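For reference, final_30.txt (compact mmCIF, C-alpha atoms):
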```txt
# COMPACT_ATOMS: atom_id res chain seq x y z
CA MET A 258 23.07 68.66 47.85
CA SER A 259 25.29 65.64 48.30
CA LYS A 260 25.55 64.18 51.78
CA PHE A 261 29.29 63.64 51.20
CA ALA A 262 31.82 66.43 50.74
CA THR A 263 33.61 66.50 47.40
CA LYS A 264 36.85 64.56 47.64
CA TYR A 265 39.99 64.84 45.56
CA PHE A 266 42.77 62.37 44.84
CA LYS A 267 45.96 64.43 44.66
CA PRO A 268 49.12 62.38 44.09
CA THR A 269 52.11 64.51 45.03
CA ASP A 270 54.41 62.88 42.46
CA LEU A 271 52.66 64.23 39.36
CA PHE A 272 52.31 67.98 38.94
CA ASN A 273 50.87 71.10 40.54
CA PHE A 274 47.16 70.73 39.84
CA LYS A 275 46.39 74.36 40.58
CA ASP A 276 47.83 75.80 37.39
CA HIS A 277 48.43 72.80 35.12
CA TRP A 278 47.25 72.90 31.50
CA ALA A 279 45.48 69.53 31.96
CA VAL A 280 42.90 70.95 34.38
CA GLY A 281 39.50 70.40 32.80
CA LEU A 282 40.38 67.18 30.99
CA GLU A 283 37.96 64.31 31.49
CA TYR A 284 38.61 60.63 30.90
CA PRO A 285 35.76 58.13 30.39
CA ILE A 286 36.82 54.93 32.17
CA LYS A 287 34.95 51.64 31.85
CA GLY A 288 34.11 50.10 35.22
CA SER A 289 34.09 46.44 36.16
CA LYS A 290 30.32 46.14 35.61
CA ASP A 291 30.36 47.87 32.19
CA ASN A 292 29.50 51.24 33.72
CA THR A 293 31.39 54.23 32.38
CA TYR A 294 32.79 56.64 34.96
CA ILE A 295 34.31 60.04 34.36
CA VAL A 296 37.67 60.85 35.90
CA ALA A 297 38.27 64.59 35.76
CA ILE A 298 41.35 66.65 36.47
CA THR A 299 40.47 69.68 38.55
CA ASP A 300 42.60 72.39 40.13
CA LYS A 301 42.35 70.40 43.38
CA GLY A 302 43.18 66.93 42.01
CA PHE A 303 41.44 64.01 40.33
CA THR A 304 37.75 63.28 40.85
CA CYS A 305 35.65 60.31 39.76
CA ASP A 306 31.91 59.88 39.74
CA CYS A 307 32.01 56.21 40.82
CA PRO A 308 30.50 55.19 44.19
CA GLY A 309 33.87 54.07 45.60
CA PHE A 310 35.46 57.46 45.06
CA THR A 311 32.50 59.17 46.72
CA PHE A 312 33.18 57.22 49.92
CA ARG A 313 36.97 56.86 49.92
CA GLY A 314 38.30 59.75 47.83
CA LYS A 315 40.36 57.26 45.81
CA CYS A 316 39.45 54.51 43.37
CA LYS A 317 40.99 52.26 40.74
CA HIS A 318 39.79 54.63 38.01
CA THR A 319 41.68 57.64 39.39
CA GLU A 320 44.69 55.41 40.10
CA ALA A 321 44.68 54.24 36.47
CA VAL A 322 44.60 57.78 35.08
CA ALA A 323 47.31 58.88 37.53
CA GLN A 324 49.48 55.96 36.43
CA ARG A 325 49.05 56.90 32.78
CA TRP A 326 50.23 60.40 33.64
CA ARG A 327 53.22 58.96 35.53
CA ASP A 328 54.10 56.91 32.45
CA VAL A 329 53.87 59.91 30.13
CA LEU A 330 55.91 62.12 32.46
CA SER A 331 58.60 59.49 33.06
CA ASP A 332 62.10 59.96 31.68
CA ASP A 333 61.91 56.71 29.72
CA PHE A 334 58.49 57.31 28.14
CA GLU A 335 59.90 57.29 24.63
CA GLU A 336 61.74 54.04 25.23
CA LYS A 337 58.72 52.37 26.83
CA PHE A 338 55.94 53.51 24.53
CA LEU A 339 57.30 54.89 21.28
CA THR A 340 59.40 52.02 20.03
CA THR A 341 59.41 51.20 16.33
CA GLU A 342 59.64 47.45 16.88
CA GLN A 343 56.51 45.48 16.13
CA PRO A 344 55.39 42.40 18.05
CA ASP A 345 56.23 39.02 16.46
CA ALA A 346 52.54 38.28 16.01
CA ILE A 347 52.20 41.03 13.39
CA ILE A 348 53.27 39.93 9.93
CA ASN A 349 54.02 42.54 7.30
CA THR A 350 52.88 41.54 3.83
```
Let me see the file written as structure tokens.
Amino acid sequence: MSKFATKYFKPTDLFNFKDHWAVGLEYPIKGSKDNTYIVAITDKGFTCDCPGFTFRGKCKHTEAVAQRWRDVLSDDFEEKFLTTEQPDAIINT
């Protein structure tokens, strides 16, 4: 039994976690010391198995996944991420 209660990071600007289709998804996120942490979407919010989340209920890993979701759900997602232009550094031959 853990000595800390399970915590959840639940941004209110995303979606209703309780019945969202993404509940159950897990994201492996590389930590700053080459550790891999798992950020999961539960019916109560995001969780992460890193030490920081255990203490604070929020961490940079859950923030990163939440931001990705914000980007995908934004009105200008297509404009931001699905452009057909290629960077100048890529040369077509």
Near Ala279 (chain A), counting all atoms listed in the file, which residues have an atom at most 9 Å away, once you skip same-chain residues fewer than 4 positions from it, shown as a ChimeraX atom specification? /A:274,298-299
Selection near Leu271 (chain A), 10 Å with all atoms listed in the file, sequence-local residues under 6 positions removed, as a count of residues only: 6
Contacts of region 301-309 of chain A within 10 Å, all atoms listed in the file, excl. fewer than 6 positions in-chain, as a PyMOL selection string: chain A and resi 263-269+272-276+280+282-286+288+292-295+315-320+322-323
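CA of Asp333 (chain A) lies 27.5 Å from CA of Lys287 (chain A).
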Once N, CA and C atoms are restored for region 271-292 of chain A, what would the output be as a PDB file, in the coordinates of the input?
```pdb
ATOM      1  N   LEU A 271      53.001  63.924  40.748  1.00  0.00           N
ATOM      2  CA  LEU A 271      52.660  64.230  39.360  1.00  0.00           C
ATOM      3  C   LEU A 271      53.001  65.683  38.996  1.00  0.00           C
ATOM      4  N   PHE A 272      52.116  66.584  39.310  1.00  0.00           N
ATOM      5  CA  PHE A 272      52.310  67.980  38.940  1.00  0.00           C
ATOM      6  C   PHE A 272      51.465  68.852  39.861  1.00  0.00           C
ATOM      7  N   ASN A 273      51.659  70.154  39.763  1.00  0.00           N
ATOM      8  CA  ASN A 273      50.870  71.100  40.540  1.00  0.00           C
ATOM      9  C   ASN A 273      49.511  71.247  39.855  1.00  0.00           C
ATOM     10  N   PHE A 274      48.487  70.728  40.456  1.00  0.00           N
ATOM     11  CA  PHE A 274      47.160  70.730  39.840  1.00  0.00           C
ATOM     12  C   PHE A 274      46.613  72.140  39.674  1.00  0.00           C
ATOM     13  N   LYS A 275      46.996  73.032  40.552  1.00  0.00           N
ATOM     14  CA  LYS A 275      46.390  74.360  40.580  1.00  0.00           C
ATOM     15  C   LYS A 275      46.512  75.114  39.258  1.00  0.00           C
ATOM     16  N   ASP A 276      47.651  75.012  38.612  1.00  0.00           N
ATOM     17  CA  ASP A 276      47.830  75.800  37.390  1.00  0.00           C
ATOM     18  C   ASP A 276      48.295  74.959  36.197  1.00  0.00           C
ATOM     19  N   HIS A 277      47.982  73.679  36.207  1.00  0.00           N
ATOM     20  CA  HIS A 277      48.430  72.800  35.120  1.00  0.00           C
ATOM     21  C   HIS A 277      47.485  72.914  33.927  1.00  0.00           C
ATOM     22  N   TRP A 278      48.048  72.794  32.728  1.00  0.00           N
ATOM     23  CA  TRP A 278      47.250  72.900  31.500  1.00  0.00           C
ATOM     24  C   TRP A 278      46.215  71.781  31.375  1.00  0.00           C
ATOM     25  N   ALA A 279      46.396  70.670  32.085  1.00  0.00           N
ATOM     26  CA  ALA A 279      45.480  69.530  31.960  1.00  0.00           C
ATOM     27  C   ALA A 279      44.196  69.696  32.776  1.00  0.00           C
ATOM     28  N   VAL A 280      44.119  70.726  33.602  1.00  0.00           N
ATOM     29  CA  VAL A 280      42.900  70.950  34.380  1.00  0.00           C
ATOM     30  C   VAL A 280      41.726  71.117  33.415  1.00  0.00           C
ATOM     31  N   GLY A 281      40.674  70.371  33.667  1.00  0.00           N
ATOM     32  CA  GLY A 281      39.500  70.400  32.800  1.00  0.00           C
ATOM     33  C   GLY A 281      39.377  69.169  31.909  1.00  0.00           C
ATOM     34  N   LEU A 282      40.468  68.407  31.780  1.00  0.00           N
ATOM     35  CA  LEU A 282      40.380  67.180  30.990  1.00  0.00           C
ATOM     36  C   LEU A 282      39.532  66.142  31.711  1.00  0.00           C
ATOM     37  N   GLU A 283      38.779  65.387  30.939  1.00  0.00           N
ATOM     38  CA  GLU A 283      37.960  64.310  31.490  1.00  0.00           C
ATOM     39  C   GLU A 283      38.249  63.033  30.734  1.00  0.00           C
ATOM     40  N   TYR A 284      38.316  61.935  31.484  1.00  0.00           N
ATOM     41  CA  TYR A 284      38.610  60.630  30.900  1.00  0.00           C
ATOM     42  C   TYR A 284      37.448  59.680  31.190  1.00  0.00           C
ATOM     43  N   PRO A 285      36.779  59.159  30.152  1.00  0.00           N
ATOM     44  CA  PRO A 285      35.760  58.130  30.390  1.00  0.00           C
ATOM     45  C   PRO A 285      36.470  56.792  30.637  1.00  0.00           C
ATOM     46  N   ILE A 286      36.187  56.179  31.775  1.00  0.00           N
ATOM     47  CA  ILE A 286      36.820  54.930  32.170  1.00  0.00           C
ATOM     48  C   ILE A 286      35.738  53.868  32.359  1.00  0.00           C
ATOM     49  N   LYS A 287      35.926  52.727  31.718  1.00  0.00           N
ATOM     50  CA  LYS A 287      34.950  51.640  31.850  1.00  0.00           C
ATOM     51  C   LYS A 287      35.151  50.933  33.183  1.00  0.00           C
ATOM     52  N   GLY A 288      34.075  50.783  33.928  1.00  0.00           N
ATOM     53  CA  GLY A 288      34.110  50.100  35.220  1.00  0.00           C
ATOM     54  C   GLY A 288      33.991  48.601  35.071  1.00  0.00           C
ATOM     55  N   SER A 289      34.100  47.912  36.176  1.00  0.00           N
ATOM     56  CA  SER A 289      34.090  46.440  36.160  1.00  0.00           C
ATOM     57  C   SER A 289      32.722  45.854  35.810  1.00  0.00           C
ATOM     58  N   LYS A 290      31.665  46.635  35.938  1.00  0.00           N
ATOM     59  CA  LYS A 290      30.320  46.140  35.610  1.00  0.00           C
ATOM     60  C   LYS A 290      29.788  46.832  34.357  1.00  0.00           C
ATOM     61  N   ASP A 291      30.696  47.202  33.457  1.00  0.00           N
ATOM     62  CA  ASP A 291      30.360  47.870  32.190  1.00  0.00           C
ATOM     63  C   ASP A 291      29.793  49.275  32.354  1.00  0.00           C
ATOM     64  N   ASN A 292      29.878  49.845  33.554  1.00  0.00           N
ATOM     65  CA  ASN A 292      29.500  51.240  33.720  1.00  0.00           C
ATOM     66  C   ASN A 292      30.641  52.101  33.207  1.00  0.00           C
TER      67      ASN A 292
END
```
